[in-house]
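What follows is upload17.txt (compact mmCIF, C-alpha atoms (C1' of nucleotides)).
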# COMPACT_ATOMS: atom_id res chain seq x y z
CA MET A 1 67.79 136.60 76.26
CA PRO A 2 67.94 140.40 76.43
CA ASN A 3 71.37 141.93 76.30
CA ARG A 4 70.29 144.68 78.57
CA LEU A 5 68.79 143.52 81.83
CA PRO A 6 66.27 145.65 83.71
CA GLU A 7 67.73 148.16 86.13
CA HIS A 8 66.32 146.26 89.07
CA ALA A 9 68.42 143.26 88.17
CA HIS A 10 71.45 145.09 89.52
CA LEU A 11 69.57 145.59 92.77
CA VAL A 12 69.19 141.82 92.99
CA ALA A 13 72.84 141.20 92.15
CA GLU A 14 73.97 143.74 94.73
CA TYR A 15 71.82 142.33 97.53
CA VAL A 16 74.34 140.44 99.65
CA GLU A 17 73.87 139.91 103.39
CA PRO A 18 76.11 137.07 104.59
CA TYR A 19 74.11 134.71 106.80
CA ARG A 20 75.67 133.90 110.17
CA GLY A 21 73.13 131.35 111.40
CA GLY A 22 70.13 131.82 113.65
CA ARG A 23 67.02 133.62 112.53
CA LEU A 24 67.04 136.49 110.09
CA THR A 25 66.26 139.85 111.68
CA SER A 26 63.03 141.52 110.65
CA GLY A 27 65.18 144.15 108.96
CA GLN A 28 66.95 141.57 106.83
CA VAL A 29 63.66 139.98 105.85
CA GLU A 30 62.23 143.36 104.95
CA ARG A 31 65.18 144.41 102.84
CA PHE A 32 65.25 141.11 101.01
CA ARG A 33 61.53 141.24 100.28
CA ARG A 34 61.79 144.82 99.05
CA VAL A 35 64.48 143.91 96.52
CA VAL A 36 62.61 140.83 95.32
CA TRP A 37 59.27 142.59 94.91
CA SER A 38 60.76 145.62 93.21
CA TYR A 39 62.45 143.39 90.66
CA TYR A 40 59.29 141.39 90.11
CA ARG A 41 57.15 144.50 89.61
CA ALA A 42 59.58 145.78 86.98
CA ALA A 43 60.50 142.60 85.16
CA ARG A 44 58.21 139.69 85.91
CA ARG A 45 58.24 136.99 83.27
CA PRO A 46 54.71 136.31 82.03
CA MET A 47 54.00 132.61 81.46
CA PRO A 48 50.77 130.88 80.45
CA TRP A 49 50.76 128.54 83.47
CA ARG A 50 51.04 131.54 85.75
CA GLU A 51 47.70 132.82 84.46
CA THR A 52 45.63 129.76 85.35
CA ARG A 53 44.37 128.38 88.64
CA ASP A 54 43.71 124.94 87.17
CA PRO A 55 45.83 122.56 89.28
CA TYR A 56 46.02 120.07 86.40
CA ARG A 57 47.51 122.64 84.02
CA ILE A 58 49.93 123.87 86.65
CA MET A 59 50.96 120.28 87.29
CA VAL A 60 51.54 119.68 83.57
CA SER A 61 53.75 122.77 83.39
CA GLU A 62 55.78 121.58 86.37
CA PHE A 63 56.45 118.24 84.74
CA MET A 64 57.54 119.98 81.54
CA LEU A 65 59.74 122.46 83.37
CA GLN A 66 61.84 119.82 85.15
CA GLN A 67 65.34 120.50 83.84
CA THR A 68 63.90 122.37 80.87
CA GLN A 69 63.98 126.08 80.02
CA VAL A 70 60.83 128.17 80.11
CA SER A 71 61.33 129.25 76.49
CA ARG A 72 61.37 125.64 75.32
CA VAL A 73 58.33 124.64 77.35
CA GLU A 74 56.01 127.48 76.38
CA PRO A 75 54.97 126.39 72.84
CA ARG A 76 54.80 122.74 73.86
CA TYR A 77 52.61 123.56 76.85
CA HIS A 78 50.02 125.22 74.58
CA GLU A 79 49.95 122.24 72.23
CA PHE A 80 49.70 119.76 75.07
CA ILE A 81 46.88 121.56 76.86
CA ALA A 82 44.97 121.97 73.61
CA ARG A 83 45.18 118.21 73.07
CA TYR A 84 44.60 117.23 76.71
CA PRO A 85 42.48 120.04 78.20
CA THR A 86 41.68 118.12 81.38
CA VAL A 87 43.19 115.27 83.35
CA PHE A 88 40.57 112.92 81.88
CA GLU A 89 41.66 113.39 78.25
CA LEU A 90 45.22 112.71 79.30
CA ALA A 91 44.31 109.73 81.46
CA THR A 92 42.33 108.00 78.70
CA ALA A 93 44.86 108.65 75.91
CA PRO A 94 47.16 105.77 74.93
CA LEU A 95 50.71 106.13 76.22
CA GLY A 96 52.10 106.08 72.67
CA GLU A 97 50.06 109.14 71.78
CA VAL A 98 51.23 110.99 74.89
CA LEU A 99 54.85 110.16 74.08
CA ARG A 100 54.32 111.55 70.58
CA SER A 101 52.92 114.73 72.08
CA TRP A 102 56.02 114.92 74.24
CA GLN A 103 58.46 114.25 71.40
CA GLY A 104 61.42 116.63 71.43
CA LEU A 105 60.93 117.88 74.98
CA GLY A 106 63.39 115.38 76.36
CA TYR A 107 63.46 113.19 79.46
CA ASN A 108 60.63 111.13 77.98
CA ARG A 109 60.05 109.24 81.20
CA ARG A 110 58.45 112.45 82.43
CA ALA A 111 55.68 111.88 79.88
CA LYS A 112 55.14 108.33 81.08
CA HIS A 113 55.09 109.45 84.69
CA LEU A 114 52.74 112.33 83.93
CA HIS A 115 50.44 109.95 82.10
CA GLU A 116 50.40 107.49 84.99
CA THR A 117 49.87 110.30 87.48
CA ALA A 118 46.93 111.56 85.40
CA ARG A 119 45.40 108.09 85.45
CA ARG A 120 45.64 107.88 89.22
CA ILE A 121 44.14 111.35 89.64
CA ALA A 122 41.33 110.55 87.19
CA GLU A 123 40.49 107.45 89.20
CA ARG A 124 39.93 109.66 92.21
CA GLY A 125 37.53 111.94 90.40
CA GLY A 126 40.11 114.18 88.79
CA ILE A 127 41.05 116.05 91.94
CA VAL A 128 44.73 116.99 92.13
CA PRO A 129 45.97 116.58 95.73
CA ASP A 130 46.74 119.81 97.55
CA GLU A 131 49.16 118.34 100.10
CA VAL A 132 52.86 117.72 99.59
CA ARG A 133 52.80 114.31 101.25
CA GLU A 134 50.04 113.09 98.98
CA LEU A 135 51.55 114.61 95.84
CA ARG A 136 54.85 112.88 96.62
CA THR A 137 53.23 109.46 96.23
CA LEU A 138 52.52 110.13 92.54
CA PRO A 139 55.08 109.01 89.92
CA GLY A 140 57.33 111.77 88.58
CA ILE A 141 56.52 114.06 91.49
CA GLY A 142 59.54 114.56 93.73
CA PRO A 143 60.27 117.05 96.51
CA TYR A 144 60.34 120.08 94.24
CA THR A 145 57.29 119.36 92.07
CA ALA A 146 55.16 118.40 95.08
CA ALA A 147 55.97 121.67 96.82
CA ALA A 148 55.54 123.64 93.59
CA VAL A 149 52.05 122.27 92.87
CA ALA A 150 50.99 122.86 96.48
CA ALA A 151 52.31 126.42 96.41
CA PHE A 152 51.37 127.49 92.87
CA ALA A 153 48.03 125.73 92.48
CA PHE A 154 46.79 126.01 96.07
CA ASP A 155 48.82 128.84 97.57
CA ARG A 156 49.98 126.49 100.28
CA ARG A 157 52.67 127.94 102.53
CA VAL A 158 55.35 125.31 101.87
CA VAL A 159 59.07 125.60 101.18
CA VAL A 160 59.85 125.46 97.47
CA LEU A 161 63.47 125.11 96.43
CA GLU A 162 64.70 124.74 92.87
CA THR A 163 67.63 125.94 90.84
CA ASN A 164 66.62 129.64 90.54
CA ILE A 165 65.66 130.01 94.19
CA ARG A 166 68.78 128.11 95.27
CA ARG A 167 70.95 130.44 93.20
CA LEU A 168 69.28 133.54 94.64
CA PHE A 169 69.75 132.50 98.28
CA LEU A 170 73.31 131.26 97.70
CA HIS A 171 74.17 134.57 96.10
CA GLY A 172 72.44 136.73 98.70
CA PHE A 173 73.06 134.93 101.98
CA PHE A 174 76.02 132.58 101.35
CA PRO A 175 78.32 134.74 99.20
CA ASP A 176 81.57 133.08 100.31
CA ALA A 177 80.45 129.66 101.52
CA GLN A 178 81.28 126.42 99.75
CA GLY A 179 79.31 123.18 99.78
CA VAL A 180 76.10 124.72 101.13
CA SER A 181 73.38 122.15 101.78
CA ASP A 182 69.74 122.68 100.87
CA ARG A 183 69.01 122.03 104.55
CA GLU A 184 70.80 125.30 105.32
CA ILE A 185 68.84 127.21 102.67
CA GLU A 186 65.36 125.91 103.47
CA PRO A 187 65.06 127.78 106.81
CA LEU A 188 65.81 131.03 105.00
CA VAL A 189 63.18 130.32 102.37
CA GLU A 190 60.77 129.63 105.21
CA GLN A 191 61.66 132.77 107.15
CA THR A 192 61.27 135.08 104.16
CA LEU A 193 58.05 133.41 102.99
CA PRO A 194 55.05 135.78 103.33
CA GLU A 195 51.86 134.77 105.15
CA ARG A 196 49.75 135.37 102.05
CA GLY A 197 50.44 135.55 98.34
CA VAL A 198 52.78 132.58 98.44
CA ARG A 199 52.37 131.79 94.76
CA GLN A 200 53.32 135.26 93.53
CA TRP A 201 56.19 135.39 96.00
CA TYR A 202 57.71 132.24 94.55
CA TYR A 203 57.27 133.53 91.02
CA ALA A 204 59.18 136.62 92.16
CA LEU A 205 61.96 134.54 93.74
CA MET A 206 62.35 132.44 90.62
CA ASP A 207 62.47 135.45 88.34
CA CYS A 208 65.13 137.06 90.54
CA GLY A 209 67.18 133.87 90.49
CA ALA A 210 66.82 133.59 86.73
CA ALA A 211 67.96 137.20 86.33
CA LEU A 212 71.12 136.44 88.33
CA ALA A 213 72.05 133.69 85.91
CA GLY A 214 72.76 136.25 83.23
CA MET A 215 74.87 138.53 85.39
CA VAL A 216 77.09 136.68 87.85
CA GLY A 217 78.85 133.35 87.88
CA ASN A 218 76.58 130.44 88.75
CA ALA A 219 76.33 130.43 92.54
CA ASN A 220 74.81 126.96 92.37
CA ARG A 221 78.29 125.56 91.94
CA ARG A 222 78.72 126.28 95.62
CA SER A 223 75.78 124.04 96.47
CA ARG A 224 76.60 120.73 98.12
CA HIS A 225 74.30 119.07 95.62
CA TYR A 226 75.92 120.57 92.54
CA SER A 227 77.10 118.04 90.00
CA ARG A 228 78.15 118.42 86.41
CA GLN A 229 76.14 116.60 83.82
CA SER A 230 77.61 113.88 81.69
CA SER A 231 77.91 114.80 78.04
CA PHE A 232 74.95 114.06 75.82
CA SER A 233 76.75 113.29 72.57
CA GLY A 234 78.03 109.74 72.63
CA SER A 235 75.68 108.74 75.44
CA VAL A 236 73.13 105.94 75.48
CA ARG A 237 70.34 108.40 76.10
CA GLU A 238 71.22 110.10 72.83
CA VAL A 239 70.33 106.85 71.06
CA ARG A 240 67.25 106.41 73.23
CA GLY A 241 66.13 109.80 72.00
CA MET A 242 66.75 108.80 68.39
CA ILE A 243 64.74 105.60 68.82
CA VAL A 244 61.78 107.43 70.37
CA ARG A 245 61.88 110.01 67.58
CA VAL A 246 61.81 107.35 64.84
CA LEU A 247 59.06 105.39 66.59
CA SER A 248 56.96 108.51 67.08
CA GLU A 249 56.84 108.93 63.30
CA HIS A 250 55.45 105.44 62.61
CA ALA A 251 52.90 103.16 64.22
CA GLU A 252 55.18 100.15 64.05
CA VAL A 253 58.75 99.70 62.86
CA PRO A 254 60.56 96.45 62.01
CA LEU A 255 63.51 95.87 64.34
CA GLU A 256 65.93 95.81 61.41
CA THR A 257 64.61 99.07 59.97
CA LEU A 258 64.95 100.74 63.34
CA GLU A 259 68.52 99.54 63.80
CA ARG A 260 69.42 100.68 60.29
CA ALA A 261 67.95 104.11 61.00
CA ILE A 262 70.09 104.48 64.12
CA GLY A 263 73.27 103.08 62.66
CA PRO A 264 73.88 99.36 62.36
CA THR A 265 77.34 99.61 63.85
CA ASP A 266 76.24 101.54 66.90
CA GLU A 267 76.77 99.30 69.92
CA ARG A 268 74.53 101.60 71.94
CA PHE A 269 71.45 100.42 70.06
CA ARG A 270 70.80 97.26 72.11
CA PRO A 271 71.21 98.79 75.57
CA ALA A 272 69.17 101.80 74.51
CA LEU A 273 66.27 99.72 73.20
CA GLU A 274 66.35 97.37 76.19
CA GLY A 275 66.33 100.34 78.53
CA LEU A 276 63.29 101.83 76.82
CA GLU A 277 61.54 98.46 77.00
CA ARG A 278 62.39 98.09 80.67
CA ASP A 279 61.04 101.59 81.30
CA GLY A 280 57.76 100.62 79.64
CA MET A 281 57.99 103.17 76.85
CA VAL A 282 58.40 100.82 73.88
CA VAL A 283 57.07 97.36 73.11
CA VAL A 284 59.04 94.77 71.17
CA SER A 285 56.70 92.12 69.81
CA GLY A 286 58.13 89.59 67.45
CA ARG A 287 60.35 91.45 65.02
CA SER A 288 58.70 94.85 65.27
CA VAL A 289 58.88 97.75 67.71
CA SER A 290 56.25 100.30 68.65
CA LEU A 291 55.90 103.25 70.99
CA GLY A 292 53.82 102.95 74.14
CA GLU A 293 52.58 100.07 76.25
CA SER A 294 51.42 96.65 75.18
CA SER A 295 47.76 96.87 74.17
CA PRO A 296 45.46 94.59 76.25
C1' DA B 1 81.35 123.29 77.42
C1' DT B 2 77.32 124.76 80.36
C1' DC B 3 72.82 124.54 82.16
C1' DC B 4 67.84 124.42 82.25
C1' DT B 5 61.66 125.65 87.70
C1' DG B 6 64.38 117.27 88.96
C1' DA B 7 63.10 112.43 89.76
C1' DA B 8 64.05 107.66 90.23
C1' DG B 9 66.94 103.83 90.97
C1' DC B 10 70.75 102.04 93.02
C1' DG C 1 75.57 109.36 98.25
C1' DC C 2 76.13 108.54 92.89
C1' DT C 3 74.09 107.64 87.91
C1' DT C 4 70.95 107.79 84.54
C1' DC C 5 67.61 110.12 81.90
C1' DG C 6 66.83 114.71 76.23
C1' DG C 7 67.61 118.09 73.75
C1' DG C 8 68.40 122.73 72.59
C1' DA C 9 70.21 127.34 73.17
C1' DT C 10 74.20 129.90 74.54

Go ahead and render the structure in this file as C-alpha cells.
Amino acid sequence: MPNRLPEHAHLVAEYVEPYRGGRLTSGQVERFRRVVWSYYRAARRPMPWRETRDPYRIMVSEFMLQQTQVSRVEPRYHEFIARYPTVFELATAPLGEVLRSWQGLGYNRRAKHLHETARRIAERGGIVPDEVRELRTLPGIGPYTAAAVAAFAFDRRVVVLETNIRRLFLHGFFPDAQGVSDREIEPLVEQTLPERGVRQWYYALMDCGAALAGMVGNANRRSRHYSRQSSFSGSVREVRGMIVRVLSEHAEVPLETLERAIGPTDERFRPALEGLERDGMVVVSGRSVSLGESSP
DNA sequence: ATCCTGAAGC
DNA sequence: GCTTCGGGAT
C-alpha cells in the first residue's frame, strides 16, 4: 500500500455529482468517464488474470478474489494455474488435492464449488458459459461472479457491481444518502457503461474504487446491504480452518489426534468437524478423518 | 477493529 | 432479510 497515492486519485476523490434520479446527462457521463479513464491510464493495477483471455483462468481468479485481497490472491493464482492449467486438470483432480492447493486462502467452500463447477464445465467439453443466466446455475457463482466472468472473459455488456464499484458510485453520486440499495446503483453503472471495451472499463472502475479506500471513509457503510462481519477469533470457522490445515498436511488423521491438535477442551471441535462433513469437505470413516470426498 | 473484486442456506 | 463461511494485512 503506497503512502503516496497517484495524483489522479485526488481527481477521483473530488468527483462528486449528487444524483437526483432520472437519467444521467451526457455531460455527467462524459465527466465521470474522463475522471475514471485518466486515473486508470496513470495508475492501473496490473494483475496476471487481466492479461489472459482464457475464460477458465479468469473464472479461477474470480473465485479466489471473492472477499479476498488482490495481493493475497496473486501468488496463489500462479501456483493454482501451474498445477491446473486447464479446466480438465482441475476437473479430474481429487477434491482433497484441490483443497490442499487452496489451503490458506480461506473460505474453503469456494474450492469445493470451483472444483464442482470445473467438473460440470469439463462434462460439456470444457466451454465456460458466456451468459450470466447460465453461469448463475454453477455452484459458487453468484450475481457478481457471473457478471464478472461474462464481462471480463467475453466482454459482455452486463452490469457488474462489487465492493470497489459500489464504493465509487456511492462516493460520486450518493455523497449524502444513507441506506442506498444496489438497485439504485445498477442503473448508473448501466448508463456509464461504454458500448465497447467493457472489460477494461470495469478494471478502471474497480481500480478507482480501490484507490478511494485509502483516502476517504468507507462509503460502503452507506449501502443498504452493508453489514459488519462477526469476529473471526473465537468463531467456529476458526476451528474449521485449523482442522482443514491439519488435514491438508496428512493423508489421514486419527480422530483423537485431530482433536488433540485443535485443543481437547475446545467445544467448537465437534460442530466444526460436523459442519465440514456436512459440507462434503472432510470424510470421517471409522476413527479417522481425511480431506476430500469419500473415494468410490 | 476493519475489510477484502461474495455465495449459499435459511 | 439475516448468518455462516478464512485468514491476513492494516

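Atom pair CA of His10 in chain A / CA of Arg45 in chain A has a distance of 16.7 Å (rounded to one decimal).
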
Gap from CA of Arg270 in chain A to C1' of DG8 in chain C - Å, one decimal: 25.6 Å

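Near chain C, counting all atoms listed in the file at 9 Å, the chain A residues are Arg72, Gly104, Leu105, Gly106, Tyr107, Asn108, Arg109, Phe232, Arg237, Glu238, Arg240 and Gly241 of chain A.
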
Interface list for chain A, partner chain B, 10 Å threshold, only C-alpha atoms (C1' of nucleotides), as an MDAnalysis selection string: chainID A and resid 61:72 109:110 113 139:145 148 160:165 203 206:207 210 213 218 228:229 231

Å distance separating CA of Arg156 in chain A from CA of Phe169 in chain A, one decimal place: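 CA of Arg156 in chain A sits 20.8 Å away from CA of Phe169 in chain A.
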
Within 12 Å of Glu259 in chain A using only C-alpha atoms (C1' of nucleotides), minus same-chain residues under 2 positions, as an NGL selection string: :A and (239-240 or 242-243 or 246-247 or 253-257 or 261-270 or 272-273 or 287-289)

So that I have them on file, write out the residues from the current selection with C-alpha atoms, as a compact mmCIF listing (two decimals), in the frame of the given file.
# COMPACT_ATOMS: atom_id res chain seq x y z
CA VAL A 239 70.33 106.85 71.06
CA ARG A 240 67.25 106.41 73.23
CA MET A 242 66.75 108.80 68.39
CA ILE A 243 64.74 105.60 68.82
CA VAL A 246 61.81 107.35 64.84
CA LEU A 247 59.06 105.39 66.59
CA VAL A 253 58.75 99.70 62.86
CA PRO A 254 60.56 96.45 62.01
CA LEU A 255 63.51 95.87 64.34
CA GLU A 256 65.93 95.81 61.41
CA THR A 257 64.61 99.07 59.97
CA ALA A 261 67.95 104.11 61.00
CA ILE A 262 70.09 104.48 64.12
CA GLY A 263 73.27 103.08 62.66
CA PRO A 264 73.88 99.36 62.36
CA THR A 265 77.34 99.61 63.85
CA ASP A 266 76.24 101.54 66.90
CA GLU A 267 76.77 99.30 69.92
CA ARG A 268 74.53 101.60 71.94
CA PHE A 269 71.45 100.42 70.06
CA ARG A 270 70.80 97.26 72.11
CA ALA A 272 69.17 101.80 74.51
CA LEU A 273 66.27 99.72 73.20
CA ARG A 287 60.35 91.45 65.02
CA SER A 288 58.70 94.85 65.27
CA VAL A 289 58.88 97.75 67.71
